[in-house]
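Chemist: Got a file for you: input.csv, CSV, C-alpha atoms.
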chain,number,residue,atom,x,y,z
I,1149,SER,CA,32.0,70.9,-18.7
I,1150,CYS,CA,35.2,71.1,-16.6
I,1151,PRO,CA,35.5,69.1,-13.4
I,1152,LYS,CA,35.1,72.3,-11.3
I,1153,THR,CA,31.7,73.1,-13.0
I,1154,VAL,CA,30.5,69.5,-12.5
I,1155,ALA,CA,31.5,69.7,-8.8
I,1156,CYS,CA,29.4,72.9,-8.4
I,1157,LEU,CA,26.5,71.1,-10.0
I,1158,PHE,CA,26.7,68.3,-7.5
I,1159,ILE,CA,26.8,70.8,-4.6
I,1160,VAL,CA,23.6,72.4,-5.9
I,1161,ILE,CA,21.9,69.0,-6.4
I,1162,ILE,CA,22.9,67.9,-2.9
I,1163,GLY,CA,21.5,71.2,-1.5
I,1164,PHE,CA,18.2,70.5,-3.3
I,1165,PHE,CA,17.8,67.1,-1.8
I,1166,VAL,CA,18.9,68.3,1.7
I,1167,GLY,CA,16.3,71.1,1.5
I,1168,THR,CA,13.7,68.7,0.3
I,1169,LEU,CA,14.2,66.4,3.3
I,1170,GLY,CA,13.7,69.4,5.5
I,1171,GLU,CA,10.3,70.3,4.1
I,1172,MET,CA,7.5,70.4,6.8
I,1173,ASN,CA,5.0,68.8,4.3
I,1174,PHE,CA,7.3,66.4,2.4
I,1175,SER,CA,5.8,64.2,-0.2
I,1176,HIS,CA,7.2,62.1,-3.0
I,1177,TYR,CA,4.7,63.5,-5.4
I,1178,GLY,CA,5.8,67.1,-4.7
I,1179,THR,CA,9.5,66.1,-5.0
I,1180,ALA,CA,8.8,64.4,-8.3
I,1181,CYS,CA,7.0,67.5,-9.6
I,1182,GLY,CA,9.9,69.7,-8.5
I,1183,ILE,CA,12.4,67.5,-10.3
I,1184,LEU,CA,10.3,67.4,-13.5
I,1185,SER,CA,9.9,71.2,-13.3
I,1186,SER,CA,13.7,71.7,-13.1
I,1187,LEU,CA,14.1,69.3,-16.0
I,1188,PHE,CA,11.7,71.2,-18.3
I,1189,VAL,CA,13.3,74.6,-17.3
I,1190,SER,CA,16.7,73.2,-18.2
I,1191,LEU,CA,15.4,71.8,-21.5
I,1192,ASN,CA,13.8,75.2,-22.3
I,1193,SER,CA,17.1,76.9,-21.7
I,1194,ILE,CA,19.0,74.5,-24.0
I,1195,PHE,CA,16.5,74.7,-26.8
I,1196,THR,CA,16.3,78.5,-26.5
I,1197,LYS,CA,20.1,78.6,-27.1
I,1198,LYS,CA,19.8,76.3,-30.0
I,1199,VAL,CA,16.9,78.1,-31.9
I,1200,LEU,CA,18.3,81.6,-31.4
I,1201,SER,CA,20.2,81.2,-34.7
I,1202,VAL,CA,17.0,80.2,-36.5
I,1203,VAL,CA,15.5,83.7,-35.7
I,1204,ASP,CA,18.7,85.5,-36.5
I,1205,ASP,CA,19.6,86.0,-32.8
I,1206,ASN,CA,16.5,88.2,-32.5
I,1207,HIS,CA,15.3,87.8,-28.9
I,1208,TRP,CA,12.2,89.9,-29.5
I,1209,ARG,CA,11.0,87.5,-32.3
I,1210,LEU,CA,11.8,84.4,-30.2
I,1211,THR,CA,9.9,85.7,-27.2
I,1212,TRP,CA,6.9,86.6,-29.5
I,1213,TYR,CA,6.9,83.1,-31.0
I,1214,ASN,CA,7.1,81.6,-27.5
I,1215,ASN,CA,4.1,83.6,-26.3
I,1216,VAL,CA,2.0,82.8,-29.3
I,1217,ASN,CA,2.8,79.1,-29.0
I,1218,SER,CA,2.0,79.2,-25.3
I,1219,CYS,CA,-1.5,80.7,-26.0
I,1220,ILE,CA,-2.3,78.0,-28.6
I,1221,ILE,CA,-1.1,75.2,-26.3
I,1222,VAL,CA,-2.6,76.4,-23.1
I,1223,ALA,CA,-6.1,77.4,-24.5
I,1224,PRO,CA,-7.4,73.8,-24.8
I,1225,LEU,CA,-5.9,72.8,-21.4
I,1226,VAL,CA,-7.8,75.7,-19.8
I,1227,TYR,CA,-11.0,74.5,-21.4
I,1228,ILE,CA,-10.4,70.9,-20.3
I,1229,PHE,CA,-9.3,71.5,-16.7
I,1230,GLU,CA,-10.8,74.9,-15.8
I,1231,LYS,CA,-14.1,75.0,-17.7
I,1232,ASP,CA,-16.4,74.5,-14.7
I,1233,PHE,CA,-14.4,76.9,-12.6
I,1234,ILE,CA,-14.6,79.6,-15.2
I,1235,LEU,CA,-18.3,79.2,-15.8
I,1236,ALA,CA,-18.9,79.4,-12.0
I,1237,HIS,CA,-17.1,82.7,-11.8
I,1238,TRP,CA,-18.1,84.1,-15.2
I,1239,VAL,CA,-19.2,87.4,-13.6
I,1240,GLN,CA,-15.7,88.2,-12.3
I,1241,LEU,CA,-14.4,88.0,-15.9
I,1242,SER,CA,-16.0,91.3,-16.7
I,1243,SER,CA,-14.3,93.1,-13.8
I,1244,PRO,CA,-11.9,95.8,-14.8
I,1245,ILE,CA,-9.7,95.0,-11.8
I,1246,PHE,CA,-9.3,91.4,-13.0
I,1247,TRP,CA,-8.3,92.5,-16.5
I,1248,SER,CA,-5.9,95.2,-15.2
I,1249,ALA,CA,-4.2,92.6,-13.0
I,1250,MET,CA,-4.0,90.2,-16.0
I,1251,THR,CA,-2.6,92.8,-18.3
I,1252,LEU,CA,0.0,93.9,-15.7
I,1253,ALA,CA,1.0,90.2,-15.2
I,1254,GLY,CA,1.2,89.7,-18.9
I,1255,LEU,CA,3.6,92.7,-19.3
I,1256,PHE,CA,5.8,91.5,-16.5
I,1257,GLY,CA,5.8,88.0,-17.9
I,1258,PHE,CA,6.8,89.2,-21.4
I,1259,ALA,CA,9.6,91.3,-19.8
I,1260,ILE,CA,10.8,88.3,-17.8
I,1261,GLY,CA,10.8,86.3,-21.1
I,1262,ILE,CA,13.0,88.9,-22.8
I,1263,VAL,CA,15.4,89.0,-19.9
I,1264,THR,CA,15.6,85.2,-19.8
I,1265,VAL,CA,16.4,85.0,-23.5
I,1266,LEU,CA,19.0,87.7,-23.2
I,1267,GLN,CA,20.7,86.0,-20.3
I,1268,ILE,CA,20.9,82.7,-22.2
I,1269,LYS,CA,22.1,84.5,-25.3
I,1270,ALA,CA,24.9,86.3,-23.4
I,1271,THR,CA,26.0,83.4,-21.2
I,1272,SER,CA,24.8,79.8,-21.4
I,1273,PRO,CA,21.8,77.6,-20.5
I,1274,LEU,CA,23.8,76.2,-17.5
I,1275,THR,CA,24.6,79.7,-16.2
I,1276,HIS,CA,20.9,80.7,-16.6
I,1277,ASN,CA,19.8,77.6,-14.6
I,1278,PHE,CA,22.3,78.3,-11.8
I,1279,SER,CA,21.1,81.9,-11.5
I,1280,GLY,CA,17.5,80.7,-11.4
I,1281,THR,CA,18.3,78.2,-8.7
I,1282,ALA,CA,20.1,80.9,-6.6
I,1283,LYS,CA,17.0,83.2,-7.1
I,1284,ALA,CA,14.7,80.4,-5.8
I,1285,ALA,CA,16.9,79.9,-2.8
I,1286,VAL,CA,16.8,83.6,-2.0
I,1287,GLN,CA,13.0,83.6,-2.4
I,1288,SER,CA,12.8,80.7,0.1
I,1289,ILE,CA,14.8,82.8,2.6
I,1290,MET,CA,12.4,85.8,2.1
I,1291,ALA,CA,9.4,83.5,2.6
I,1292,PHE,CA,10.5,82.9,6.2
I,1293,TYR,CA,10.1,86.6,7.0
I,1294,ILE,CA,7.3,87.6,4.6
I,1295,TRP,CA,4.9,84.6,4.8
I,1296,GLY,CA,6.1,83.3,8.2
I,1297,ASN,CA,7.1,79.9,6.8
I,1298,GLU,CA,8.6,77.7,9.6
I,1299,PRO,CA,12.3,77.1,8.9
I,1300,THR,CA,13.9,73.7,9.6
I,1301,VAL,CA,17.6,72.9,10.1
I,1302,LYS,CA,17.7,70.8,6.9
I,1303,GLY,CA,15.7,73.3,4.9
I,1304,VAL,CA,18.0,76.2,5.8
I,1305,ALA,CA,21.1,74.0,5.3
I,1306,GLY,CA,19.8,73.1,1.8
I,1307,ILE,CA,19.2,76.7,0.9
I,1308,PHE,CA,22.7,77.8,1.9
I,1309,THR,CA,24.3,74.7,0.2
I,1310,VAL,CA,22.5,75.7,-3.0
I,1311,LEU,CA,23.7,79.3,-2.7
I,1312,GLY,CA,27.2,78.2,-1.9
I,1313,GLY,CA,27.3,76.0,-5.0
I,1314,SER,CA,25.9,78.9,-7.1
I,1315,LEU,CA,28.6,81.2,-5.8
I,1316,LEU,CA,31.3,78.7,-6.5
I,1317,TYR,CA,30.0,78.3,-10.0
I,1318,THR,CA,30.2,82.1,-10.5
I,1319,TYR,CA,33.8,82.1,-9.2
I,1320,VAL,CA,34.8,79.2,-11.5
I,1321,LYS,CA,33.3,81.0,-14.5
I,1322,MET,CA,35.0,84.2,-13.6
I,1323,GLN,CA,38.3,82.4,-13.5
I,1324,GLU,CA,37.7,80.7,-16.8
I,1325,SER,CA,36.7,84.1,-18.4
I,1326,ASN,CA,39.9,85.8,-17.1
I,1327,LEU,CA,42.0,82.9,-18.3
I,1328,SER,CA,40.4,83.1,-21.8
I,1329,VAL,CA,40.9,86.9,-21.9
I,1330,ASN,CA,44.6,86.5,-21.0
I,1331,LEU,CA,45.1,83.8,-23.7
I,1332,MET,CA,43.5,86.0,-26.3
I,1333,ARG,CA,45.8,89.0,-25.5
I,1334,PRO,CA,48.3,89.7,-28.3
I,1335,VAL,CA,51.9,89.3,-27.5
I,1336,SER,CA,52.6,93.0,-27.9
I,1337,ASP,CA,50.2,93.7,-25.0
I,1338,VAL,CA,52.1,91.5,-22.6
I,1339,GLU,CA,54.4,93.5,-20.4
I,1340,MET,CA,58.1,92.8,-21.2
I,1341,PRO,CA,60.5,92.3,-18.3
I,1342,ARG,CA,62.7,95.2,-17.6
I,1343,GLY,CA,66.1,95.1,-19.3
I,1344,THR,CA,64.8,93.3,-22.4
I,1345,GLU,CA,63.7,96.4,-24.3
I,1346,LYS,CA,65.5,97.0,-27.5
I,1347,SER,CA,67.8,100.1,-27.4
Here is the file; what I need is its structure written in the form of structure tokens.
Modeler:
Amino acid sequence: SCPKTVACLFIVIIGFFVGTLGEMNFSHYGTACGILSSLFVSLNSIFTKKVLSVVDDNHWRLTWYNNVNSCIIVAPLVYIFEKDFILAHWVQLSSPIFWSAMTLAGLFGFAIGIVTVLQIKATSPLTHNFSGTAKAAVQSIMAFYIWGNEPTVKGVAGIFTVLGGSLLYTYVKMQESNLSVNLMRPVSDVEMPRGTEKS
């Protein structure tokens, strides 16, 4: 990555730590979980980009494989950690409202998976992670108004630092894209100075 991109990354990282220090219920355990979550999201983006060629760049097939693998992996974990809870609420499993909500959530989840793969395919894993970070920052701002979360100076500063870094990254990428387009233009498309045309 170019130095400008790395600088944008550092701005976002600084924003994350500033926002973390501004949390009302700060804990090292929660911070560690947040860092690990970001790490696995980044790895998922990187491996998605790598394995797209294995499935002939077919995002539908890749999303299908991801969902099947998730069901296989999650099923034993649900049995181990949620068995008692499920048995205690077995009656609710026959509720049509429950299954309607689950089906709707599954459809939206599948749609998000498709959009995620398409974004990574069209851009890059890094761009996808930047957009995800910006989305999380906007969601944090919305939480102040929707859920009544109490804002703190450091928390708000962290959110706007993350958004600023994300916007700078977008600007840097736009500049790089425009530069690459100009370099790829054929010589015949470049406007010749007046007076140099052949008579």
Chemist: Excluding range 1181-1184 of chain I and its own-chain neighbours fewer than 3 positions away, which residues fall within 12 Å of it when counting all atoms listed in the file? Please give them as a PyMOL selection string.
Modeler: chain I and resi 1161+1164-1165+1167-1168+1174-1178+1187-1191+1281
Chemist: In terms of the shortest atom-to-atom distance over all atoms listed in the file, which of I:Leu1316, I:Met1290, I:Ile1221, I:Val1199 is closest to Val1304 in chain I?
Modeler: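 Once distances to Val1304 in chain I are computed over all atoms listed in the file, the minimum belongs to I:Met1290.
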Chemist: Find the spatial neighbours of Pro1273 in chain I, counting only C-alpha atoms, within a cut-off of 8 Å - ignore same-chain residues fewer than 3 positions away - and output them as a VMD selection string.
Modeler: chain I and resid 1190 1193 to 1194 1197 1268 1276 to 1277
Chemist: Counting all atoms listed in the file, which of I:Ile1307, I:Ala1284, I:Leu1327, I:Val1320 gets nearest to Thr1153 in chain I?
Modeler: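 Under the stated criterion, the closest residue is I:Val1320.
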Chemist: Please identify all polymer residues lying at most 12 Å from the point (35.6, 71.4, -17.3) (file coordinates), using all atoms listed in the file, and present the result as a list in words.
Modeler: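 Nearby residues: Ser1149, Cys1150, Pro1151, Lys1152, Thr1153, Val1154, Ala1155, Cys1156, Leu1157, Tyr1317, Val1320, Lys1321, Gln1323 and Glu1324 of chain I.
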Chemist: What is the CA of Trp1212 in chain I-CA of Ala1259 in chain I distance in Å, reported with one decimal?
Modeler: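 Calculated distance between CA of Trp1212 in chain I and CA of Ala1259 in chain I is 11.1 Å.
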Chemist: Rank nothing, just name the residue among I:Leu1255, I:Val1286, I:Ile1294, I:Leu1241 nearest to Gly1312 in chain I, using only C-alpha atoms.
Modeler: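 Comparing I:Leu1255, I:Val1286, I:Ile1294, I:Leu1241 against Gly1312 in chain I, the winner is I:Val1286.
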Chemist: So, counting only C-alpha atoms, which residue among I:Ser1314, I:Thr1179, I:Asn1192, I:Ser1248 is closest to Thr1264 in chain I?
Modeler: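 Nearest candidate to Thr1264 in chain I out of I:Ser1314, I:Thr1179, I:Asn1192, I:Ser1248: I:Asn1192.
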Chemist: One decimal, in Å: what's the spacing between CA of His1207 in chain I and CA of Val1310 in chain I?
Modeler: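 So the two atoms, CA of His1207 in chain I and CA of Val1310 in chain I, lie 29.5 Å apart.
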Chemist: Measure the distance from CA of Val1202 in chain I to CA of Val1265 in chain I in Å and round it to one decimal.
Modeler: 13.9 Å
Chemist: Near Leu1210 in chain I, counting all atoms listed in the file, which residues have an atom at most 12 Å away, once you skip same-chain residues fewer than 2 positions from it, shown as a list in words?
Modeler: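 Residues near the query, excluding close chain neighbours: Phe1195, Thr1196, Lys1197, Lys1198, Val1199, Leu1200, Ser1201, Val1202, Val1203, Asp1204, Asp1205, Asn1206, His1207, Trp1208, Trp1212, Tyr1213, Asn1214, Asn1215, Val1216, Asn1217, Phe1258, Gly1261, Ile1262, Val1263, Thr1264, Val1265, Leu1266 and Lys1269 of chain I.
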